[in-house]
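Next comes final.txt, with compact mmCIF, C-alpha atoms and all ligand atoms.
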# COMPACT_ATOMS: atom_id res chain seq x y z
CA MET A 1 -10.47 -3.11 -34.60
CA ARG A 2 -10.46 -0.15 -32.34
CA GLN A 3 -9.19 -2.28 -29.48
CA ASP A 4 -6.38 -3.54 -31.72
CA ARG A 5 -5.46 0.01 -32.60
CA ASP A 6 -5.56 1.15 -28.97
CA HIS A 7 -3.41 -1.81 -28.01
CA ARG A 8 -0.88 -0.97 -30.74
CA ILE A 9 -0.77 2.67 -29.64
CA ARG A 10 -0.22 1.65 -26.04
CA ARG A 11 2.61 -0.69 -27.00
CA TRP A 12 4.18 1.96 -29.18
CA THR A 13 3.87 4.58 -26.43
CA GLY A 14 5.35 2.12 -23.94
CA ALA A 15 8.31 1.43 -26.24
CA VAL A 16 9.01 5.15 -26.70
CA LEU A 17 8.77 5.75 -22.96
CA ASP A 18 11.15 2.84 -22.31
CA LEU A 19 13.60 4.45 -24.73
CA LEU A 20 13.35 7.87 -23.07
CA PHE A 21 13.13 6.57 -19.51
CA PRO A 22 14.59 3.06 -19.47
CA PRO A 23 12.93 1.02 -16.70
CA ARG A 24 14.92 0.70 -13.50
CA CYS A 25 14.66 -1.75 -10.65
CA PRO A 26 12.72 0.07 -7.90
CA PHE A 27 14.81 -1.59 -5.17
CA CYS A 28 18.40 -0.88 -6.29
CA ASP A 29 17.70 1.77 -8.97
CA ARG A 30 19.82 -0.04 -11.57
CA LEU A 31 18.69 -0.20 -15.20
CA LEU A 32 16.88 -3.44 -15.96
CA LYS A 33 18.64 -5.76 -18.39
CA ASP A 34 16.93 -7.40 -21.35
CA GLY A 35 14.61 -10.09 -20.09
CA GLU A 36 14.29 -8.61 -16.62
CA GLU A 37 10.83 -7.39 -15.81
CA GLY A 38 9.91 -5.22 -12.82
CA ILE A 39 12.66 -6.34 -10.42
CA CYS A 40 16.30 -7.00 -11.35
CA GLY A 41 17.79 -10.48 -11.11
CA GLU A 42 20.05 -9.49 -8.23
CA CYS A 43 17.34 -8.04 -5.99
CA GLN A 44 14.79 -10.76 -6.68
CA PRO A 45 16.41 -13.45 -4.49
CA ARG A 46 17.72 -10.99 -1.88
CA LEU A 47 14.58 -9.05 -1.01
CA PRO A 48 13.04 -9.71 2.44
CA TRP A 49 10.02 -11.73 1.24
CA THR A 50 7.44 -12.72 3.83
CA ARG A 51 6.29 -16.33 4.21
CA PRO A 52 2.67 -17.24 3.38
CA GLU A 53 0.48 -17.75 6.48
CA ARG A 54 3.33 -17.53 9.00
CA ASP A 55 3.96 -13.82 8.44
CA GLU A 56 0.43 -12.52 8.21
CA ARG A 57 -1.30 -10.29 10.71
CA HIS A 58 -4.85 -10.03 12.02
CA SER A 59 -6.81 -8.01 14.54
CA GLU A 60 -10.30 -7.73 15.94
CA PHE A 61 -11.76 -6.28 12.72
CA VAL A 62 -9.18 -7.49 10.19
CA ASP A 63 -9.51 -11.21 9.45
CA ARG A 64 -6.15 -11.41 7.70
CA CYS A 65 -3.52 -8.91 6.52
CA VAL A 66 -0.92 -10.07 4.01
CA SER A 67 2.13 -8.28 2.54
CA PRO A 68 4.70 -9.58 0.05
CA LEU A 69 7.66 -7.87 1.76
CA TRP A 70 9.10 -6.86 5.11
CA TYR A 71 9.57 -3.12 5.55
CA GLN A 72 13.35 -2.98 5.92
CA GLY A 73 16.61 -2.31 4.03
CA ALA A 74 16.19 -1.89 0.27
CA VAL A 75 12.40 -2.10 0.56
CA ARG A 76 12.31 0.77 3.00
CA ASP A 77 14.72 2.89 0.91
CA SER A 78 12.69 2.19 -2.23
CA PHE A 79 9.46 3.17 -0.49
CA HIS A 80 11.00 6.50 0.61
CA ARG A 81 11.88 7.26 -3.03
CA TYR A 82 8.31 6.37 -4.03
CA LYS A 83 6.75 8.59 -1.43
CA PHE A 84 9.11 11.58 -1.36
CA ASP A 85 11.35 11.62 -4.42
CA GLY A 86 8.61 11.47 -7.03
CA CYS A 87 9.24 7.85 -8.10
CA ARG A 88 5.55 7.34 -8.81
CA ASP A 89 6.29 4.78 -11.50
CA TYR A 90 7.28 2.30 -8.75
CA ALA A 91 3.53 1.92 -8.18
CA GLY A 92 3.34 -0.54 -11.10
CA VAL A 93 5.86 -2.98 -9.60
CA TYR A 94 4.55 -2.54 -6.04
CA ALA A 95 0.96 -3.11 -7.19
CA ALA A 96 1.95 -6.22 -9.17
CA LEU A 97 3.58 -7.71 -6.03
CA MET A 98 0.52 -6.83 -3.93
CA ALA A 99 -1.93 -8.25 -6.48
CA GLN A 100 0.04 -11.48 -6.66
CA CYS A 101 0.19 -11.72 -2.87
CA ALA A 102 -3.56 -11.07 -2.45
CA GLY A 103 -4.41 -13.38 -5.35
CA ASP A 104 -2.31 -16.23 -3.91
CA ARG A 105 -2.98 -15.85 -0.19
CA LEU A 106 -6.49 -14.38 -0.01
CA ALA A 107 -8.09 -16.09 -3.01
CA GLY A 108 -11.89 -16.25 -2.73
CA GLU A 109 -12.00 -14.04 0.40
CA TYR A 110 -13.03 -10.71 -1.16
CA ASP A 111 -15.37 -9.23 -3.75
CA LEU A 112 -14.69 -5.50 -3.37
CA LEU A 113 -11.36 -3.67 -3.69
CA THR A 114 -10.80 -0.44 -1.75
CA TYR A 115 -7.98 1.46 -0.03
CA VAL A 116 -7.04 3.65 2.94
CA PRO A 117 -7.41 7.27 1.75
CA LEU A 118 -5.36 10.32 2.64
CA SER A 119 -7.04 13.36 4.15
CA ALA A 120 -8.04 15.99 1.55
CA LYS A 121 -5.42 18.33 3.00
CA ARG A 122 -2.63 15.77 2.63
CA ARG A 123 -3.74 14.87 -0.90
CA ARG A 124 -3.61 18.52 -1.91
CA GLN A 125 -0.12 18.91 -0.40
CA ARG A 126 1.28 15.85 -2.13
CA GLY A 127 -0.67 16.17 -5.36
CA TYR A 128 -1.58 12.50 -5.46
CA ASP A 129 -2.70 9.67 -3.23
CA GLN A 130 0.07 7.07 -3.19
CA VAL A 131 -2.16 4.29 -1.86
CA ARG A 132 -4.82 4.92 -4.49
CA LEU A 133 -2.15 4.44 -7.17
CA LEU A 134 -1.38 1.01 -5.68
CA ALA A 135 -5.06 0.02 -5.61
CA GLU A 136 -5.51 1.16 -9.22
CA GLY A 137 -2.45 -0.85 -10.24
CA MET A 138 -3.87 -3.97 -8.57
CA ALA A 139 -7.34 -3.66 -10.08
CA PRO A 140 -6.74 -5.19 -13.55
CA ALA A 141 -4.82 -8.16 -12.11
CA LEU A 142 -7.54 -8.87 -9.55
CA GLY A 143 -10.37 -8.25 -12.04
CA LEU A 144 -12.10 -5.81 -9.68
CA PRO A 145 -12.59 -2.05 -10.01
CA VAL A 146 -11.35 0.24 -7.22
CA THR A 147 -14.30 1.39 -5.07
CA GLU A 148 -13.83 4.51 -2.95
CA THR A 149 -15.52 3.42 0.26
CA LEU A 150 -13.73 5.51 2.89
CA GLU A 151 -13.11 9.16 3.53
CA LYS A 152 -10.65 10.62 6.03
CA THR A 153 -12.67 13.23 7.84
CA ARG A 154 -10.01 14.84 9.94
CA HIS A 155 -6.32 15.44 9.89
CA THR A 156 -4.52 13.33 12.51
CA ALA A 157 -1.31 13.91 14.45
CA ALA A 158 1.77 11.98 13.34
CA GLN A 159 1.55 8.37 14.52
CA SER A 160 5.35 8.45 14.99
CA GLY A 161 5.09 10.68 18.04
CA LEU A 162 2.98 8.07 19.81
CA SER A 163 4.94 5.28 21.35
CA ASP A 164 2.31 2.81 22.45
CA ASP A 165 -0.31 0.99 20.48
CA GLY A 166 -3.21 2.35 22.56
CA ALA A 167 -2.23 5.95 21.83
CA ARG A 168 -1.94 5.18 18.12
CA ARG A 169 -5.38 3.61 18.11
CA ALA A 170 -6.88 6.58 19.95
CA ASN A 171 -5.23 8.96 17.47
CA VAL A 172 -7.04 7.50 14.45
CA LEU A 173 -10.30 6.68 16.25
CA GLY A 174 -13.16 8.34 14.36
CA ALA A 175 -10.84 9.72 11.66
CA TYR A 176 -12.50 7.74 8.83
CA ARG A 177 -16.07 7.35 7.69
CA VAL A 178 -17.80 5.21 5.10
CA ARG A 179 -19.01 7.30 2.15
CA ASP A 180 -21.92 5.10 1.16
CA PRO A 181 -22.90 2.25 3.52
CA GLU A 182 -25.07 0.71 0.78
CA ALA A 183 -21.93 0.10 -1.29
CA VAL A 184 -20.27 -2.02 1.41
CA ARG A 185 -23.23 -3.77 3.05
CA GLY A 186 -22.76 -7.53 2.88
CA ARG A 187 -19.55 -7.21 0.84
CA ARG A 188 -16.27 -8.98 1.55
CA VAL A 189 -13.77 -6.14 1.41
CA LEU A 190 -10.12 -6.20 0.34
CA LEU A 191 -8.56 -3.10 1.89
CA ALA A 192 -5.20 -1.92 0.51
CA ASP A 193 -2.59 0.24 2.25
CA ASP A 194 1.10 0.92 1.62
CA VAL A 195 2.84 -0.11 4.86
CA ILE A 196 1.49 -1.67 8.05
CA THR A 197 3.29 -0.86 11.31
CA THR A 198 1.12 -1.32 14.41
CA GLY A 199 -1.99 -1.85 12.28
CA ALA A 200 -3.95 0.89 14.11
CA THR A 201 -5.02 2.64 10.90
CA LEU A 202 -6.08 -0.55 9.12
CA SER A 203 -7.98 -1.72 12.20
CA GLU A 204 -9.84 1.57 12.45
CA CYS A 205 -10.76 1.51 8.75
CA ALA A 206 -11.88 -2.10 9.07
CA ARG A 207 -13.92 -1.22 12.14
CA VAL A 208 -15.92 1.47 10.31
CA LEU A 209 -16.38 -0.80 7.28
CA ARG A 210 -17.69 -3.61 9.48
CA THR A 211 -19.91 -1.18 11.39
CA ALA A 212 -21.37 -0.05 8.05
CA GLY A 213 -22.28 -3.67 7.29
CA ALA A 214 -19.29 -5.16 5.45
CA ALA A 215 -19.36 -8.96 5.87
CA SER A 216 -15.58 -9.20 6.33
CA VAL A 217 -12.37 -7.25 5.80
CA VAL A 218 -9.03 -8.64 4.65
CA CYS A 219 -6.03 -6.39 3.94
CA VAL A 220 -3.04 -6.28 1.65
CA THR A 221 -0.12 -3.89 2.08
CA PHE A 222 3.06 -3.50 0.05
CA ALA A 223 5.21 -4.12 3.14
CA GLN A 224 4.91 -4.77 6.85
CA ALA A 225 7.12 -3.53 9.66
CA ARG A 226 8.34 -6.16 12.08
CA ALA A 227 6.60 -6.08 15.44
CA GLN A 228 8.70 -4.23 17.98
CA GLN A 229 9.86 -6.28 20.96
CA LYS A 230 9.52 -4.76 24.41
CA GLY A 231 12.60 -2.72 25.26
CA GLU A 232 13.93 -2.95 21.71
CA ALA A 233 15.41 0.26 20.35
CA GLN A 234 13.49 1.89 17.53
CA GLU A 235 15.11 1.43 14.13
CA PRO A 236 16.66 4.76 13.05
CA PRO A 237 15.16 6.41 9.95
CA ALA A 238 16.76 5.30 6.68
CA ARG A 239 17.73 8.86 5.95
CA ARG A 240 17.13 12.28 7.33
CA LEU A 241 13.88 13.85 6.23
CA LEU A 242 12.87 17.46 6.31
CA PRO A 243 10.51 18.07 9.24
CA ASP A 244 7.50 18.43 6.97
CA GLN A 245 8.36 15.30 5.01
CA GLU A 246 8.86 13.36 8.20
CA GLU A 247 5.43 14.39 9.37
CA ILE A 248 3.86 13.40 6.06
CA PHE A 249 5.73 10.11 6.01
CA LEU A 250 4.76 8.98 9.45
CA ASN A 251 1.29 10.41 9.57
CA SER A 252 -0.10 7.99 7.06
CA PHE A 253 0.70 4.93 9.15
ZN ZN B 1 17.50 -4.40 -8.16
Show this structure as structure tokens.
Amino acid sequence: MRQDRDHRIRRWTGAVLDLLFPPRCPFCDRLLKDGEEGICGECQPRLPWTRPERDERHSEFVDRCVSPLWYQGAVRDSFHRYKFDGCRDYAGVYAALMAQCAGDRLAGEYDLLTYVPLSAKRRRQRGYDQVRLLAEGMAPALGLPVTETLEKTRHTAAQSGLSDDGARRANVLGAYRVRDPEAVRGRRVLLADDVITTGATLSECARVLRTAGAASVVCVTFAQARAQQKGEAQEPPARRLLPDQEEIFLNSF
């Protein structure tokens, strides 16, 4: 009975919120039409979807890393609005895409859901942890609770200022620790992050999880940046950011 009532209240609240703040497509910002859910009908076929298996990444400590989307164009613009313009409600759509991607491509490869945390300083500055919101959004679809396994123990310099992969790896080396090794020992971990660029942060997190006894680590991110070819010019930022925002934006990669 109580569950029924709670369900009715949630539906009613959702309907009122939809009336006050009609849902918009997170990729083009247009109002969704009747029958459209999450992503509008125009963006759906045009988004830069990755291909299963062919477009996944891996590294020494990460068995597989999957992402539903490439980090470019409308995806990149949308992610900037999520991270800097207060569009926190995009987390629901992002998390649904990530949960579907992990469920389809990594089925049976994990039994614990966790995420890459911000430093305490960064969390205080921003007021929320944008990756935690994604993990929480994925949890019901994956049928797993979010377990806080990692802690960022020191503030790191912006990864953007470091051009080569080795420097990026060195920058995050030792920046994370496992809160409770007992909680990860023998577990097959699904580690969530927002965007993967060189993969240095995910690799470092996976390294400390494996060192603490995790049996394996697979990753899911909302989007992945294309690997940079040697000599290729860096893609210019989608829009100009204030210096502080730029630092925040790039530091978390
Ligand atoms: Zn759209």
Cut-off 10 Å, only C-alpha atoms and all ligand atoms, neighbours of ligand ZN 1 (chain B) as a PDB file with C-alpha atoms, in the frame of the given file:
ATOM      1  CA  ARG A  24      14.920   0.700 -13.500  1.00  0.00           C
ATOM      2  CA  CYS A  25      14.660  -1.750 -10.650  1.00  0.00           C
ATOM      3  CA  PRO A  26      12.720   0.070  -7.900  1.00  0.00           C
ATOM      4  CA  PHE A  27      14.810  -1.590  -5.170  1.00  0.00           C
ATOM      5  CA  CYS A  28      18.400  -0.880  -6.290  1.00  0.00           C
ATOM      6  CA  ASP A  29      17.700   1.770  -8.970  1.00  0.00           C
ATOM      7  CA  ARG A  30      19.820  -0.040 -11.570  1.00  0.00           C
ATOM      8  CA  LEU A  31      18.690  -0.200 -15.200  1.00  0.00           C
ATOM      9  CA  LEU A  32      16.880  -3.440 -15.960  1.00  0.00           C
ATOM     10  CA  GLU A  36      14.290  -8.610 -16.620  1.00  0.00           C
ATOM     11  CA  GLY A  38       9.910  -5.220 -12.820  1.00  0.00           C
ATOM     12  CA  ILE A  39      12.660  -6.340 -10.420  1.00  0.00           C
ATOM     13  CA  CYS A  40      16.300  -7.000 -11.350  1.00  0.00           C
ATOM     14  CA  GLY A  41      17.790 -10.480 -11.110  1.00  0.00           C
ATOM     15  CA  GLU A  42      20.050  -9.490  -8.230  1.00  0.00           C
ATOM     16  CA  CYS A  43      17.340  -8.040  -5.990  1.00  0.00           C
ATOM     17  CA  GLN A  44      14.790 -10.760  -6.680  1.00  0.00           C
ATOM     18  CA  PRO A  45      16.410 -13.450  -4.490  1.00  0.00           C
ATOM     19  CA  ARG A  46      17.720 -10.990  -1.880  1.00  0.00           C
ATOM     20  CA  LEU A  47      14.580  -9.050  -1.010  1.00  0.00           C
ATOM     21  CA  ALA A  74      16.190  -1.890   0.270  1.00  0.00           C
TER      22      ALA A  74
END
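Closest approach to Tyr82 of chain A among A:Glu204, A:Asp129, A:Glu136, A:Glu37 is made by A:Asp129 (distances from all atoms listed in the file).
For the atom pair formed by atom CA of Gln159 of chain A and atom CA of Gly213 of chain A, the distance is 27.7 Å, given to one decimal.
Among the candidate residues A:Leu113, A:Gly161, A:Gly92, A:Gly35, the one lying nearest to Ala183 of chain A is A:Leu113, with distances computed using all atoms listed in the file.
The environment of Glu53 of chain A within 12 Å, counting only C-alpha atoms and disregarding residues fewer than 6 places along the same chain, consists of Arg64, Cys65, Val66, Ser67, Pro68, Cys101, Ala102, Asp104, Arg105 and Leu106 of chain A.
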Could you write those residues out with C-alpha atoms, as a PDB file, in the coordinates of the input?
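Saved result, part30.pdb, follows:
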ATOM      1  CA  ARG A  64      -6.150 -11.410   7.700  1.00  0.00           C
ATOM      2  CA  CYS A  65      -3.520  -8.910   6.520  1.00  0.00           C
ATOM      3  CA  VAL A  66      -0.920 -10.070   4.010  1.00  0.00           C
ATOM      4  CA  SER A  67       2.130  -8.280   2.540  1.00  0.00           C
ATOM      5  CA  PRO A  68       4.700  -9.580   0.050  1.00  0.00           C
ATOM      6  CA  CYS A 101       0.190 -11.720  -2.870  1.00  0.00           C
ATOM      7  CA  ALA A 102      -3.560 -11.070  -2.450  1.00  0.00           C
ATOM      8  CA  ASP A 104      -2.310 -16.230  -3.910  1.00  0.00           C
ATOM      9  CA  ARG A 105      -2.980 -15.850  -0.190  1.00  0.00           C
ATOM     10  CA  LEU A 106      -6.490 -14.380  -0.010  1.00  0.00           C
TER      11      LEU A 106
END
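Among the candidate residues A:Ala141, A:Leu150, A:Ala223, A:Ala215, the one lying nearest to Pro117 of chain A is A:Leu150, with distances computed using all atoms listed in the file.
Between atom CA of Leu69 of chain A and atom CA of Gly174 of chain A there is a distance of 29.2 Å.
Residue nearest Thr156 of chain A, chosen from A:Val75, A:Leu133, A:Ala120, A:Ala214 and counting only C-alpha atoms: A:Ala120.
For the atom pair formed by atom CA of Glu109 of chain A and atom CA of Ala96 of chain A, the distance is 18.6 Å, given to one decimal.
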Extract, using all atoms listed in the file, all DNA, RNA and protein residues at most 10 Å from Ala200 of chain A, discarding same-chain residues fewer than 4 positions from it, and format them as a short mmCIF file (atom, residue, chain, number, x, y, z; two decimals) with C-alpha atoms, in the coordinates of the input.
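The resulting file, result_8.cif, is reproduced below:
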data_model
loop_
_atom_site.label_atom_id
_atom_site.label_comp_id
_atom_site.auth_asym_id
_atom_site.auth_seq_id
_atom_site.Cartn_x
_atom_site.Cartn_y
_atom_site.Cartn_z
CA SER A 59 -6.81 -8.01 14.54
CA GLN A 159 1.55 8.37 14.52
CA ASP A 165 -0.31 0.99 20.48
CA GLY A 166 -3.21 2.35 22.56
CA ALA A 167 -2.23 5.95 21.83
CA ARG A 168 -1.94 5.18 18.12
CA ARG A 169 -5.38 3.61 18.11
CA ALA A 170 -6.88 6.58 19.95
CA ASN A 171 -5.23 8.96 17.47
CA VAL A 172 -7.04 7.50 14.45
CA LEU A 173 -10.30 6.68 16.25
CA ILE A 196 1.49 -1.67 8.05
CA GLU A 204 -9.84 1.57 12.45
CA CYS A 205 -10.76 1.51 8.75
CA ALA A 206 -11.88 -2.10 9.07
CA PHE A 253 0.70 4.93 9.15
#
